[in-house]
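The structure file coords_36.cif is reproduced below (mmCIF, C-alpha atoms and all ligand atoms).
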data_query
#
loop_
_atom_site.label_atom_id
_atom_site.label_comp_id
_atom_site.auth_asym_id
_atom_site.auth_seq_id
_atom_site.Cartn_x
_atom_site.Cartn_y
_atom_site.Cartn_z
CA MET A 1 -59.88 25.99 30.31
CA GLU A 2 -63.45 24.93 29.65
CA SER A 3 -66.04 27.07 31.36
CA ARG A 4 -68.72 25.20 33.20
CA GLY A 5 -71.69 27.27 32.10
CA THR A 6 -71.47 26.42 28.41
CA LYS A 7 -72.10 22.68 28.43
CA ARG A 8 -75.13 22.53 30.63
CA GLY A 9 -77.46 24.13 28.11
CA ALA A 10 -76.63 21.36 25.63
CA GLY A 11 -79.45 19.09 26.82
CA LYS A 12 -81.03 16.79 24.22
CA ILE A 13 -84.64 17.75 24.89
CA GLU A 14 -85.65 21.13 23.52
CA VAL A 15 -88.44 22.66 25.57
CA ALA A 16 -89.86 25.98 24.51
CA GLU A 17 -89.89 27.42 28.01
CA PRO A 18 -88.77 31.00 28.64
CA TRP A 19 -86.25 29.88 31.31
CA ASN A 20 -84.59 27.70 28.73
CA LYS A 21 -83.59 30.86 26.87
CA LEU A 22 -82.10 32.61 29.90
CA PRO A 23 -78.32 32.61 30.27
CA LEU A 24 -77.37 29.93 32.77
CA LEU A 25 -75.81 31.27 35.91
CA ALA A 26 -72.58 29.57 36.89
CA PRO A 27 -73.23 27.75 40.18
CA SER A 28 -71.57 29.21 43.25
CA LEU A 29 -71.72 28.84 47.01
CA PRO A 30 -72.08 31.80 49.40
CA THR A 31 -70.02 31.83 52.59
CA ASN A 32 -71.79 34.39 54.84
CA PRO A 33 -71.93 33.07 58.42
CA ALA A 34 -75.60 34.06 58.81
CA LEU A 35 -76.56 31.54 56.12
CA TYR A 36 -75.08 28.64 58.11
CA ALA A 37 -76.44 29.31 61.60
CA GLY A 38 -78.68 26.56 62.93
CA PRO A 39 -78.20 23.31 64.76
CA PHE A 40 -74.82 21.59 64.81
CA PRO A 41 -74.80 18.93 62.08
CA PHE A 42 -74.08 15.24 62.66
CA TYR A 43 -70.33 14.61 63.00
CA ARG A 44 -69.27 11.02 63.65
CA ARG A 45 -66.74 10.57 66.45
CA PRO A 46 -63.47 10.29 64.47
CA SER A 47 -61.80 6.90 64.66
CA GLU A 48 -58.22 6.17 63.68
CA LEU A 49 -57.88 3.77 60.75
CA GLY A 50 -54.09 3.80 60.78
CA CYS A 51 -51.08 6.05 60.47
CA PHE A 52 -47.89 6.68 58.55
CA SER A 53 -44.64 8.55 58.97
CA LEU A 54 -42.44 10.73 56.79
CA ASP A 55 -38.73 10.57 57.59
CA ALA A 56 -35.96 13.20 57.54
CA GLN A 57 -35.74 12.74 53.76
CA ARG A 58 -39.55 13.05 53.45
CA GLN A 59 -39.82 9.33 52.58
CA TYR A 60 -43.06 7.49 53.40
CA HIS A 61 -43.18 4.64 55.93
CA GLY A 62 -46.41 2.83 56.76
CA ASP A 63 -45.76 2.92 60.51
CA ALA A 64 -45.53 5.22 63.57
CA ARG A 65 -41.74 5.71 63.58
CA ALA A 66 -42.06 9.52 63.58
CA LEU A 67 -44.52 9.62 66.48
CA ARG A 68 -43.20 11.61 69.43
CA TYR A 69 -44.15 11.50 73.10
CA TYR A 70 -45.54 14.38 75.12
CA CYS A 71 -42.94 15.33 77.74
CA PRO A 72 -43.85 18.62 79.45
CA PRO A 73 -41.38 20.25 81.87
CA PRO A 74 -41.94 19.51 85.60
CA THR A 75 -44.65 21.64 87.19
CA ASN A 76 -42.70 22.50 90.35
CA GLY A 77 -43.80 26.11 90.54
CA GLN A 78 -41.13 27.20 88.08
CA SER A 79 -42.10 28.51 84.68
CA PRO A 80 -40.46 27.10 81.56
CA ASN A 81 -37.73 29.09 79.89
CA PHE A 82 -37.63 27.71 76.34
CA ASP A 83 -35.50 29.75 73.96
CA LEU A 84 -37.41 29.26 70.73
CA ARG A 85 -34.77 31.02 68.64
CA ASP A 86 -32.02 28.66 69.71
CA GLY A 87 -30.61 26.78 66.72
CA TYR A 88 -31.91 29.18 64.11
CA PRO A 89 -30.88 29.02 61.34
CA ASP A 90 -27.93 26.61 61.66
CA ARG A 91 -29.88 23.67 63.15
CA TYR A 92 -32.92 24.13 60.90
CA ARG A 93 -33.69 21.79 58.00
CA PRO A 94 -36.89 23.16 56.51
CA ARG A 95 -38.96 21.05 54.13
CA ASP A 96 -38.71 22.11 50.47
CA GLU A 97 -42.00 23.91 49.99
CA GLU A 98 -41.53 24.02 46.20
CA VAL A 99 -42.41 20.32 46.10
CA GLN A 100 -46.17 20.00 45.67
CA GLU A 101 -46.99 16.70 47.35
CA ARG A 102 -50.75 16.99 46.88
CA LEU A 103 -52.50 13.86 48.26
CA ASP A 104 -49.61 11.50 47.41
CA HIS A 105 -48.67 10.26 50.90
CA LEU A 106 -52.29 9.76 51.89
CA LEU A 107 -52.95 7.89 48.62
CA CYS A 108 -49.98 5.69 49.40
CA TRP A 109 -51.67 4.72 52.68
CA VAL A 110 -55.06 4.20 50.98
CA LEU A 111 -53.51 1.97 48.33
CA GLU A 112 -51.86 -0.14 51.00
CA HIS A 113 -55.05 -0.52 53.06
CA ARG A 114 -57.82 -0.42 50.45
CA GLY A 115 -58.60 -4.14 50.76
CA ARG A 116 -59.19 -4.02 54.51
CA LEU A 117 -60.90 -0.73 55.31
CA GLU A 118 -63.56 -0.86 58.03
CA GLY A 119 -66.98 0.00 56.69
CA GLY A 120 -66.59 -2.90 54.28
CA PRO A 121 -66.07 -3.11 50.53
CA GLY A 122 -67.72 -0.14 48.88
CA TRP A 123 -67.20 2.22 51.81
CA LEU A 124 -64.35 4.03 50.05
CA ALA A 125 -66.45 4.51 46.91
CA GLY A 126 -68.88 6.68 48.91
CA ALA A 127 -66.23 8.62 50.80
CA ILE A 128 -64.40 11.92 50.47
CA VAL A 129 -60.60 11.62 50.74
CA THR A 130 -58.53 14.65 51.70
CA TRP A 131 -56.08 16.20 54.19
CA ARG A 132 -57.34 17.44 57.54
CA GLY A 133 -55.72 20.80 56.77
CA HIS A 134 -58.01 21.25 53.74
CA LEU A 135 -61.08 20.59 55.88
CA THR A 136 -59.76 23.07 58.48
CA LYS A 137 -59.73 25.77 55.79
CA LEU A 138 -63.33 24.94 54.89
CA LEU A 139 -64.42 25.13 58.55
CA THR A 140 -62.93 28.61 59.03
CA THR A 141 -64.04 30.04 55.65
CA PRO A 142 -67.19 31.86 56.90
CA TYR A 143 -64.95 33.88 59.27
CA GLU A 144 -61.82 34.26 57.16
CA ARG A 145 -61.12 37.83 55.96
CA GLN A 146 -57.60 37.53 54.58
CA GLU A 147 -56.65 34.36 52.79
CA GLY A 148 -58.53 32.72 49.95
CA TRP A 149 -58.09 29.12 48.81
CA GLN A 150 -58.41 26.80 45.85
CA LEU A 151 -59.40 23.16 46.11
CA ALA A 152 -59.11 20.75 43.20
CA ALA A 153 -61.66 17.91 43.09
CA SER A 154 -61.79 14.69 41.07
CA ARG A 155 -64.08 11.69 41.25
CA PHE A 156 -62.51 8.27 40.76
CA GLN A 157 -64.21 4.92 41.35
CA GLY A 158 -66.94 6.79 43.19
CA THR A 159 -64.63 8.45 45.71
CA LEU A 160 -64.37 12.24 45.73
CA TYR A 161 -60.77 13.42 46.22
CA LEU A 162 -60.04 17.00 47.34
CA SER A 163 -56.54 18.46 47.02
CA GLU A 164 -55.52 22.04 47.71
CA VAL A 165 -53.89 24.18 45.04
CA GLU A 166 -51.60 26.98 46.18
CA THR A 167 -53.16 30.29 45.09
CA PRO A 168 -50.93 32.76 43.21
CA ALA A 169 -51.25 35.13 46.22
CA ALA A 170 -50.16 32.39 48.64
CA ARG A 171 -47.21 31.55 46.38
CA ASP A 172 -46.14 35.20 46.22
CA GLN A 173 -46.35 35.44 50.00
CA ARG A 174 -44.33 32.26 50.45
CA LEU A 175 -41.60 33.43 48.08
CA THR A 176 -41.38 36.87 49.70
CA ARG A 177 -41.83 35.68 53.29
CA PRO A 178 -40.10 38.22 55.56
CA PRO A 179 -37.13 36.80 57.55
CA LEU A 180 -38.99 37.50 60.81
CA LEU A 181 -41.90 35.33 59.71
CA GLN A 182 -39.52 32.53 58.69
CA GLU A 183 -38.01 32.64 62.15
CA LEU A 184 -41.49 32.57 63.74
CA MET A 185 -42.27 29.39 61.77
CA TYR A 186 -39.08 27.83 63.09
CA MET A 187 -40.03 28.80 66.63
CA GLY A 188 -43.27 26.81 66.38
CA TYR A 189 -41.32 23.65 65.50
CA LYS A 190 -38.68 24.40 68.12
CA PHE A 191 -41.41 24.43 70.77
CA GLU A 192 -42.36 20.88 69.73
CA GLN A 193 -38.76 19.84 70.30
CA TYR A 194 -38.82 21.27 73.85
CA MET A 195 -42.06 19.42 74.60
CA CYS A 196 -41.53 16.00 72.97
CA ALA A 197 -39.33 12.95 73.49
CA ASP A 198 -38.57 10.33 70.86
CA LYS A 199 -39.49 7.48 73.23
CA PRO A 200 -42.22 7.07 75.84
CA GLY A 201 -40.74 8.13 79.18
CA GLY A 202 -37.68 9.51 77.40
CA SER A 203 -36.35 13.03 77.69
CA THR A 204 -36.35 15.95 75.30
CA ASP A 205 -33.27 16.95 73.34
CA PRO A 206 -33.25 20.63 72.38
CA SER A 207 -29.65 20.30 71.13
CA GLY A 208 -30.77 18.40 68.03
CA GLU A 209 -31.79 19.66 64.59
CA VAL A 210 -35.28 20.81 63.73
CA ASN A 211 -36.16 18.92 60.56
CA THR A 212 -39.64 19.74 59.26
CA ASN A 213 -39.56 16.92 56.72
CA VAL A 214 -40.33 14.55 59.58
CA ALA A 215 -44.04 14.02 60.20
CA PHE A 216 -46.36 11.56 61.88
CA CYS A 217 -49.81 11.43 60.28
CA SER A 218 -52.95 9.83 61.67
CA VAL A 219 -55.52 8.52 59.17
CA LEU A 220 -59.07 8.98 60.38
CA ARG A 221 -62.59 8.01 59.50
CA SER A 222 -65.55 10.23 60.25
CA ARG A 223 -68.77 11.48 58.65
CA LEU A 224 -70.19 14.98 58.35
CA GLY A 225 -73.93 14.83 57.68
CA ASN A 226 -74.23 12.24 54.93
CA HIS A 227 -70.60 12.61 53.79
CA PRO A 228 -68.32 9.76 54.86
CA LEU A 229 -64.80 11.11 55.32
CA LEU A 230 -61.34 9.59 55.15
CA PHE A 231 -58.70 12.17 55.99
CA SER A 232 -55.24 12.40 57.43
CA GLY A 233 -53.62 15.00 59.64
CA GLU A 234 -50.20 15.54 61.11
CA VAL A 235 -50.15 14.82 64.85
CA ASP A 236 -47.56 16.52 67.07
CA CYS A 237 -47.37 13.91 69.83
CA ILE A 238 -49.07 11.28 71.95
CA ASP A 239 -49.52 11.66 75.71
CA PRO A 240 -48.48 8.33 77.23
CA GLN A 241 -50.31 9.40 80.43
CA ALA A 242 -53.58 10.40 78.77
CA PRO A 243 -56.71 9.10 80.55
CA THR A 244 -57.69 7.28 77.35
CA ALA A 245 -54.85 5.45 75.61
CA GLN A 246 -56.84 5.06 72.42
CA PRO A 247 -56.01 7.40 69.53
CA PRO A 248 -57.04 10.06 68.71
CA SER A 249 -57.96 10.74 72.40
CA CYS A 250 -54.33 10.48 73.52
CA TYR A 251 -52.97 12.90 70.92
CA VAL A 252 -51.83 16.41 71.80
CA GLU A 253 -51.53 19.42 69.51
CA LEU A 254 -48.76 21.92 70.36
CA LYS A 255 -48.98 25.63 69.51
CA THR A 256 -47.14 28.83 70.29
CA SER A 257 -48.64 32.27 70.60
CA LYS A 258 -47.65 35.76 71.76
CA GLU A 259 -47.95 36.46 75.47
CA MET A 260 -51.09 38.50 76.10
CA HIS A 261 -51.24 41.48 78.43
CA SER A 262 -54.48 43.35 77.63
CA PRO A 263 -58.16 42.35 77.39
CA GLY A 264 -58.06 43.46 73.75
CA GLN A 265 -55.22 41.05 72.98
CA ARG A 266 -57.11 38.20 74.63
CA LYS A 267 -60.32 38.98 72.74
CA SER A 268 -58.49 38.95 69.43
CA PHE A 269 -56.75 35.66 70.36
CA TYR A 270 -60.11 34.01 71.15
CA ARG A 271 -61.70 35.33 67.95
CA ARG A 272 -58.96 34.47 65.48
CA LYS A 273 -56.40 32.01 66.77
CA LEU A 274 -58.67 29.85 68.90
CA LEU A 275 -60.99 29.38 65.91
CA LYS A 276 -58.11 27.90 63.89
CA TRP A 277 -56.91 25.77 66.78
CA TRP A 278 -60.43 24.50 67.41
CA ALA A 279 -61.10 23.64 63.75
CA GLN A 280 -57.79 21.81 63.33
CA SER A 281 -58.14 19.68 66.46
CA PHE A 282 -61.90 19.15 66.48
CA LEU A 283 -61.83 17.47 63.05
CA PRO A 284 -59.55 14.55 64.09
CA GLY A 285 -60.89 14.44 67.67
CA VAL A 286 -57.67 15.66 69.32
CA PRO A 287 -58.89 16.66 72.81
CA ASN A 288 -56.13 19.02 74.00
CA VAL A 289 -54.05 21.84 72.58
CA VAL A 290 -51.04 22.84 74.70
CA ALA A 291 -50.04 26.44 74.09
CA GLY A 292 -46.66 27.95 74.83
CA PHE A 293 -46.83 31.73 75.24
CA ARG A 294 -43.69 33.51 74.12
CA ASN A 295 -42.36 36.89 75.18
CA PRO A 296 -40.94 39.43 72.70
CA GLU A 297 -37.46 37.88 73.16
CA GLY A 298 -38.75 34.52 71.91
CA PHE A 299 -38.82 32.67 75.22
CA VAL A 300 -41.78 30.54 76.28
CA CYS A 301 -42.48 31.51 79.89
CA SER A 302 -45.92 29.95 80.36
CA LEU A 303 -47.90 26.95 79.19
CA LYS A 304 -51.65 26.53 79.07
CA THR A 305 -53.75 23.56 78.04
CA PHE A 306 -56.90 24.37 76.07
CA ARG A 307 -59.52 21.66 75.83
CA THR A 308 -60.80 21.53 72.26
CA MET A 309 -64.39 20.99 73.38
CA GLU A 310 -64.24 24.08 75.63
CA MET A 311 -62.70 26.55 73.17
CA PHE A 312 -66.07 27.82 71.99
CA GLU A 313 -66.86 29.01 75.56
CA TYR A 314 -64.35 31.85 75.12
CA VAL A 315 -66.48 33.38 72.34
CA ARG A 316 -69.97 32.05 73.13
CA ASN A 317 -71.14 35.47 74.38
CA ASP A 318 -69.09 37.50 71.88
CA ARG A 319 -71.16 39.06 69.06
CA ASP A 320 -68.05 39.01 66.89
CA GLY A 321 -67.02 35.52 67.87
CA TRP A 322 -67.22 32.30 65.85
CA ASN A 323 -69.73 29.49 66.03
CA PRO A 324 -68.84 25.82 65.56
CA SER A 325 -72.26 25.13 63.97
CA VAL A 326 -71.60 27.73 61.27
CA CYS A 327 -68.19 26.17 60.54
CA MET A 328 -69.53 22.64 60.28
CA ASN A 329 -72.73 23.59 58.38
CA PHE A 330 -70.67 25.51 55.83
CA CYS A 331 -68.28 22.58 55.44
CA ALA A 332 -71.23 20.20 54.92
CA ALA A 333 -72.73 22.60 52.36
CA PHE A 334 -69.43 22.81 50.50
CA LEU A 335 -69.09 19.02 50.42
CA SER A 336 -72.64 18.72 49.00
CA PHE A 337 -71.82 21.44 46.45
CA ALA A 338 -68.68 19.53 45.42
CA GLN A 339 -70.51 16.15 45.29
CA ASN A 340 -73.18 17.68 43.02
CA THR A 341 -70.63 19.42 40.79
CA VAL A 342 -68.15 16.59 40.29
CA VAL A 343 -70.51 14.13 38.66
CA GLN A 344 -68.32 12.46 36.03
CA ASP A 345 -66.05 9.70 37.27
CA ASP A 346 -62.72 10.53 35.65
CA PRO A 347 -59.34 10.95 37.37
CA ARG A 348 -58.18 13.31 34.60
CA LEU A 349 -61.11 15.69 35.06
CA VAL A 350 -60.66 18.34 37.74
CA TYR A 351 -63.08 20.88 39.13
CA LEU A 352 -61.28 23.80 40.69
CA PHE A 353 -63.19 25.44 43.53
CA SER A 354 -61.92 28.96 44.20
CA TRP A 355 -62.69 31.29 47.04
CA GLU A 356 -61.64 34.81 47.97
CA PRO A 357 -62.86 36.58 51.13
CA GLY A 358 -66.00 38.60 50.48
CA SER A 359 -67.07 36.45 47.51
CA PRO A 360 -68.86 33.15 47.01
CA VAL A 361 -67.04 29.91 46.10
CA THR A 362 -66.87 29.56 42.31
CA VAL A 363 -65.91 26.60 40.14
CA SER A 364 -64.11 25.96 36.85
CA GLU A 365 -63.52 22.76 34.89
CA HIS A 366 -60.10 21.48 33.77
CA ARG A 367 -58.53 18.42 32.20
CA ASP A 368 -55.08 16.87 32.78
CA ALA A 369 -52.01 18.99 33.63
CA PRO A 370 -51.48 21.14 35.55
CA HIS A 371 -54.51 20.55 37.78
CA ALA A 372 -55.05 16.76 37.57
CA PHE A 373 -53.64 15.42 40.85
CA LEU A 374 -54.38 11.69 41.09
CA PRO A 375 -51.03 10.08 40.25
CA THR A 376 -50.74 7.44 37.50
CA TRP A 377 -49.36 4.87 39.99
CA TYR A 378 -52.51 5.25 42.07
CA VAL A 379 -55.00 5.23 39.19
CA GLU A 380 -53.33 2.21 37.57
CA ALA A 381 -53.15 0.14 40.75
CA MET A 382 -56.79 0.90 41.60
CA THR A 383 -57.86 0.10 38.03
CA GLN A 384 -56.02 -3.24 38.15
CA ASP A 385 -58.15 -4.14 41.18
CA LEU A 386 -61.29 -3.94 39.08
CA LEU A 387 -59.83 -6.40 36.55
CA SER A 388 -58.51 -8.83 39.17
CA PRO A 389 -60.06 -8.01 42.56
CA PRO A 390 -57.77 -8.63 45.56
CA LYS A 391 -58.68 -11.69 47.62
CA THR A 392 -60.77 -11.04 50.71
CA PRO A 393 -58.22 -11.01 53.52
CA SER A 394 -58.26 -14.05 55.77
CA PRO A 395 -58.30 -13.57 59.56
CA LYS A 396 -54.58 -14.48 59.56
CA ASP A 397 -53.60 -11.43 57.44
P1 LIG A 401 -52.29 21.11 58.75
O1 LIG A 401 -53.52 20.75 59.50
O2 LIG A 401 -52.42 22.38 57.95
O3 LIG A 401 -51.06 21.09 59.60
O4 LIG A 401 -52.07 20.01 57.65
P2 LIG A 401 -52.31 18.42 57.76
O5 LIG A 401 -52.16 17.98 59.16
O6 LIG A 401 -53.57 18.10 57.05
O7 LIG A 401 -51.05 17.90 56.96
C1 LIG A 401 -51.15 17.16 55.82
C2 LIG A 401 -49.81 17.00 55.17
O8 LIG A 401 -49.38 18.24 54.65
C3 LIG A 401 -48.71 16.52 56.10
O9 LIG A 401 -47.85 15.66 55.39
C4 LIG A 401 -48.00 17.79 56.49
O10 LIG A 401 -46.63 17.56 56.78
C5 LIG A 401 -48.15 18.61 55.23
N1 LIG A 401 -48.24 20.04 55.49
C6 LIG A 401 -48.79 20.66 56.55
N2 LIG A 401 -48.69 21.98 56.43
C7 LIG A 401 -48.07 22.23 55.26
C8 LIG A 401 -47.66 23.40 54.57
O11 LIG A 401 -47.83 24.53 55.02
N3 LIG A 401 -47.05 23.22 53.36
C9 LIG A 401 -46.84 21.99 52.83
N4 LIG A 401 -46.26 21.87 51.62
N5 LIG A 401 -47.19 20.88 53.45
C10 LIG A 401 -47.79 20.98 54.65
MG MG A 402 -48.63 22.03 66.10
#
Before anything else, please render the file you have as structure tokens.
Ligand code: GDP
Ligand code: MG
Amino acid sequence: MESRGTKRGAGKIEVAEPWNKLPLLAPSLPTNPALYAGPFPFYRRPSELGCFSLDAQRQYHGDARALRYYCPPPTNGQSPNFDLRDGYPDRYRPRDEEVQERLDHLLCWVLEHRGRLEGGPGWLAGAIVTWRGHLTKLLTTPYERQEGWQLAASRFQGTLYLSEVETPAARDQRLTRPPLLQELMYMGYKFEQYMCADKPGGSTDPSGEVNTNVAFCSVLRSRLGNHPLLFSGEVDCIDPQAPTAQPPSCYVELKTSKEMHSPGQRKSFYRRKLLKWWAQSFLPGVPNVVAGFRNPEGFVCSLKTFRTMEMFEYVRNDRDGWNPSVCMNFCAAFLSFAQNTVVQDDPRLVYLFSWEPGSPVTVSEHRDAPHAFLPTWYVEAMTQDLLSPPKTPSPKD
């Protein structure tokens, strides 16, 4: 591993200034919420550029085949009675989490659509490409007290790519995940099955398998401050009866949470869980999160729709609450920090940004395996374009 501090002093011009003799401090980025208060930064209304699906074998398809349709139970005064533990573990096909997919599926979509991205030729070169989930982690960082993260960054043909690296602590936790936690993860997916149909106007089928290889991903364009963004996020379902049929406004995020009985439980839910729900759905412009509240026996007995744009109201007057401006200002600051750090355009060069709660974000420099994440098939196809640019698409394409 090369350390970042050593090379920067190697400037060509020798100036006999005292500061030139001081040891160079490695750059870092603080994460204290107080530093990021202030007005909400510019965030472009996210627009959907396209989508893709992953099938039961985790194979990529450049279409919406895995999209499901919101199908809530009838609201005839009765409460739902979804048994979230039904089918566990015999009708559970969990995705193999040992496979590190990095940005591969998103890059597959970018490669397929690079010649006809809105924003025109050159837009991609100024953009940041990543998963929505990585941006969610950045948004919640100023308030996170438990889990750190690592993000790998490479610049290639101008574009800055950000791809998460599993921390050793996260890997340990995954490999020693208690059986109860594994079942809780299943229950979240099982709730989706109770709430979604495979066809618009169709019915749900809770007798089927829960296969978490299957995913529908929306690809979105936005901009935070002066950072154009292209990111993709998994979408749970579309509401065929939404007031606006245009994605992402018609998408619905589904969540489960423990039934709450005391004011203390509610306060903690608003402070912790609602922050994560807000960050995840605000980024892609998903307007509603439908929560299923489960009792200790694992049955969902009540549903509640939370409007993404109203989630902040639950903590607005809470001194220990979260603030959307802090989340977005920190994210913008991190993106500027990354843009200024990753200067060299080289798909084999990786800057690893590391963060642990209570510390600033630090950075280290790496080359090739194991941290390089832009696949050869992507780099080669994009490089071929420069040698023989693709034809401008005709209106017929
Ligand atoms: P989320 O917001 O954290 O759910 O993540 P995204 O919506 O950004 O998902 C991006 C891609 O990562 C999709 O293909 C998801 O299926 C996949 N994904 C989501 N969560 C996880 C996870 O915990 N582990 C792994 N390996 N992949 C995940
Ligand atoms: Mg969900």
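Nearest residue to A:Ser53, choosing from A:Phe191, A:Trp131, A:Phe216, A:Tyr88 and counting all atoms listed in the file: A:Phe216.
Across the model, the gap from atom C6 of ligand LIG 401 (chain A) to atom CA of A:Arg85 is 21.2 Å.
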Could you build a table of the residues in chain A lying no more than 9 Å from ligand LIG 401 (chain A), giving for each the nearest pair of atoms and their separation in Å rounded to one decimal place, using all atoms listed in the file, ordered by chain and ascending residue number, as a Markdown table?
| residue | atom | partner | partner_atom | distance |
| --- | --- | --- | --- | --- |
| A:Ser53 | CA | A:LIG401 | O9 | 8.6 |
| A:Leu54 | CA | A:LIG401 | O9 | 7.5 |
| A:Arg58 | CA | A:LIG401 | O9 | 8.9 |
| A:Arg95 | CA | A:LIG401 | N4 | 7.8 |
| A:Asp96 | CA | A:LIG401 | N4 | 7.6 |
| A:Glu97 | CA | A:LIG401 | N4 | 5.0 |
| A:Glu98 | CA | A:LIG401 | N4 | 7.5 |
| A:Val99 | CA | A:LIG401 | N4 | 6.9 |
| A:Gln100 | CA | A:LIG401 | N4 | 6.2 |
| A:Glu101 | CA | A:LIG401 | N4 | 6.7 |
| A:Arg102 | CA | A:LIG401 | O8 | 8.0 |
| A:Leu103 | CA | A:LIG401 | C2 | 8.1 |
| A:His105 | CA | A:LIG401 | O9 | 7.1 |
| A:Leu106 | CA | A:LIG401 | O9 | 8.2 |
| A:Thr130 | CA | A:LIG401 | O6 | 8.1 |
| A:Trp131 | CA | A:LIG401 | O6 | 4.3 |
| A:Arg132 | CA | A:LIG401 | O6 | 3.9 |
| A:Gly133 | CA | A:LIG401 | O6 | 3.5 |
| A:His134 | CA | A:LIG401 | O6 | 6.4 |
| A:Leu135 | CA | A:LIG401 | O6 | 8.0 |
| A:Thr136 | CA | A:LIG401 | O1 | 6.7 |
| A:Lys137 | CA | A:LIG401 | O2 | 8.3 |
| A:Thr212 | CA | A:LIG401 | O10 | 7.7 |
| A:Asn213 | CA | A:LIG401 | O10 | 7.1 |
| A:Val214 | CA | A:LIG401 | O10 | 7.5 |
| A:Ala215 | CA | A:LIG401 | O10 | 5.6 |
| A:Phe216 | CA | A:LIG401 | O9 | 7.8 |
| A:Cys217 | CA | A:LIG401 | C3 | 6.7 |
| A:Ser218 | CA | A:LIG401 | O5 | 8.6 |
| A:Phe231 | CA | A:LIG401 | O6 | 7.9 |
| A:Ser232 | CA | A:LIG401 | O6 | 6.0 |
| A:Gly233 | CA | A:LIG401 | O5 | 3.4 |
| A:Glu234 | CA | A:LIG401 | O5 | 3.7 |
| A:Val235 | CA | A:LIG401 | O5 | 6.8 |
| A:Gln280 | CA | A:LIG401 | O1 | 5.8 |
| A:Ser281 | CA | A:LIG401 | O1 | 8.4 |
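Based on only C-alpha atoms and all ligand atoms, the protein and nucleic acid residues found within 7 Å of ligand MG 402 (chain A) are, by chain and then by number, Asp236, Glu253, Leu254 and Lys255 of chain A.
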- Task: Taking the point (-62.5, 31.2, 55.8) as given in the file, collect each protein or nucleic acid residue that comes within 12 Å of it, counting only C-alpha atoms, and present the set as a PyMOL selection string.
- Result: chain A and resi 30-33+134-150+272+275-276+279+322+326-328+330-331+354-361
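Of the listed residues A:Ser154, A:Gln241, A:Asn329, A:Thr383, the one whose atoms come nearest to A:Val343 is A:Ser154, with distances taken using all atoms listed in the file.
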Draw an axis-aligned box tight on the listed atoms of stretch 58-71 of chain A, then pad every side by 5 Å and write out centre and edge lengths in Å to one decimal as AutoDock Vina command-line options.
--center_x -43.0 --center_y 9.1 --center_z 65.2 --size_x 16.9 --size_y 22.5 --size_z 35.2
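Residues in contact range of A:Leu124, defined as at most 8 Å between all atoms listed in the file, with sequence neighbours fewer than 6 positions away removed, read Arg114, Leu117, Gly158 and Thr159 of chain A.
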- The distance between atom CA of A:Gly225 and atom CA of A:Phe40 is 9.9 Å
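Counting from atom CA of A:Leu387, the distance to atom CA of A:Leu230 is 24.6 Å.
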- Item | Selection: 7 Å around A:Arg348, all atoms listed in the file, excl. self and same-chain fewer than 5 positions, as a PyMOL selection string | chain A and resi 367-368+372
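Closest approach to A:Tyr69 from the set A:Arg171, A:Arg177, A:Lys199, A:Arg91 is made by A:Lys199, with distances taken over only C-alpha atoms.
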Do you know which residues are at most 12 Å from A:Asp198 counting only C-alpha atoms, after dropping those on the same chain fewer than 3 positions away, and could you put them as a tab-separated table (two decimals) with C-alpha atoms, in the frame of the given file?
chain	number	residue	atom	x	y	z
A	64	ALA	CA	-45.53	5.22	63.57
A	65	ARG	CA	-41.74	5.71	63.58
A	66	ALA	CA	-42.06	9.52	63.58
A	67	LEU	CA	-44.52	9.62	66.48
A	68	ARG	CA	-43.20	11.61	69.43
A	69	TYR	CA	-44.15	11.50	73.10
A	70	TYR	CA	-45.54	14.38	75.12
A	71	CYS	CA	-42.94	15.33	77.74
A	192	GLU	CA	-42.36	20.88	69.73
A	193	GLN	CA	-38.76	19.84	70.30
A	194	TYR	CA	-38.82	21.27	73.85
A	195	MET	CA	-42.06	19.42	74.60
A	201	GLY	CA	-40.74	8.13	79.18
A	202	GLY	CA	-37.68	9.51	77.40
A	203	SER	CA	-36.35	13.03	77.69
A	204	THR	CA	-36.35	15.95	75.30
A	205	ASP	CA	-33.27	16.95	73.34
A	206	PRO	CA	-33.25	20.63	72.38
A	208	GLY	CA	-30.77	18.40	68.03
A	216	PHE	CA	-46.36	11.56	61.88
A	236	ASP	CA	-47.56	16.52	67.07
A	237	CYS	CA	-47.37	13.91	69.83
A	238	ILE	CA	-49.07	11.28	71.95
A	240	PRO	CA	-48.48	8.33	77.23
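Between A:Ala332 and the candidates A:Pro41, A:Gly50, A:Pro179, A:Gly285, the tightest atom-to-atom separation, counting all atoms listed in the file, involves A:Pro41.
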- Message: Ranking A:Val286, A:Val252, A:Leu29, A:Val165 by minimum distance to A:Arg45 and counting all atoms listed in the file, which one comes first?
- Response: A:Val286
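Those DNA, RNA and protein residues that approach the point (-47.3, 20.3, 79.2) to within 10 Å, considering all atoms listed in the file, are Tyr70, Cys71, Pro72, Pro73, Pro74, Thr75, Pro80, Met195, Cys196, Asp239, Val252, Leu254, Val289, Val290, Ala291, Gly292, Ser302, Leu303, Lys304 and Thr305 of chain A.
Shortest separation to A:His261 among A:Asn323, A:Leu181, A:Arg294, A:Pro200 occurs at residue A:Arg294, atoms counted being only C-alpha atoms.
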Considering only C-alpha atoms, return as an mmCIF file with C-alpha atoms, keeping the file's coordinate frame whatever protein or nucleic-acid residues lie within 10 Å of A:Asp320, sequence-local ones (same chain, fewer than 3 positions apart) excluded.
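The resulting around-v2.cif:
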data_model
loop_
_atom_site.group_PDB
_atom_site.id
_atom_site.type_symbol
_atom_site.label_atom_id
_atom_site.label_comp_id
_atom_site.auth_asym_id
_atom_site.auth_seq_id
_atom_site.Cartn_x
_atom_site.Cartn_y
_atom_site.Cartn_z
ATOM 1 C CA TYR A 143 -64.950 33.880 59.270
ATOM 2 C CA LYS A 267 -60.320 38.980 72.740
ATOM 3 C CA SER A 268 -58.490 38.950 69.430
ATOM 4 C CA ARG A 271 -61.700 35.330 67.950
ATOM 5 C CA VAL A 315 -66.480 33.380 72.340
ATOM 6 C CA ARG A 316 -69.970 32.050 73.130
ATOM 7 C CA ASN A 317 -71.140 35.470 74.380
ATOM 8 C CA ASN A 323 -69.730 29.490 66.030
#
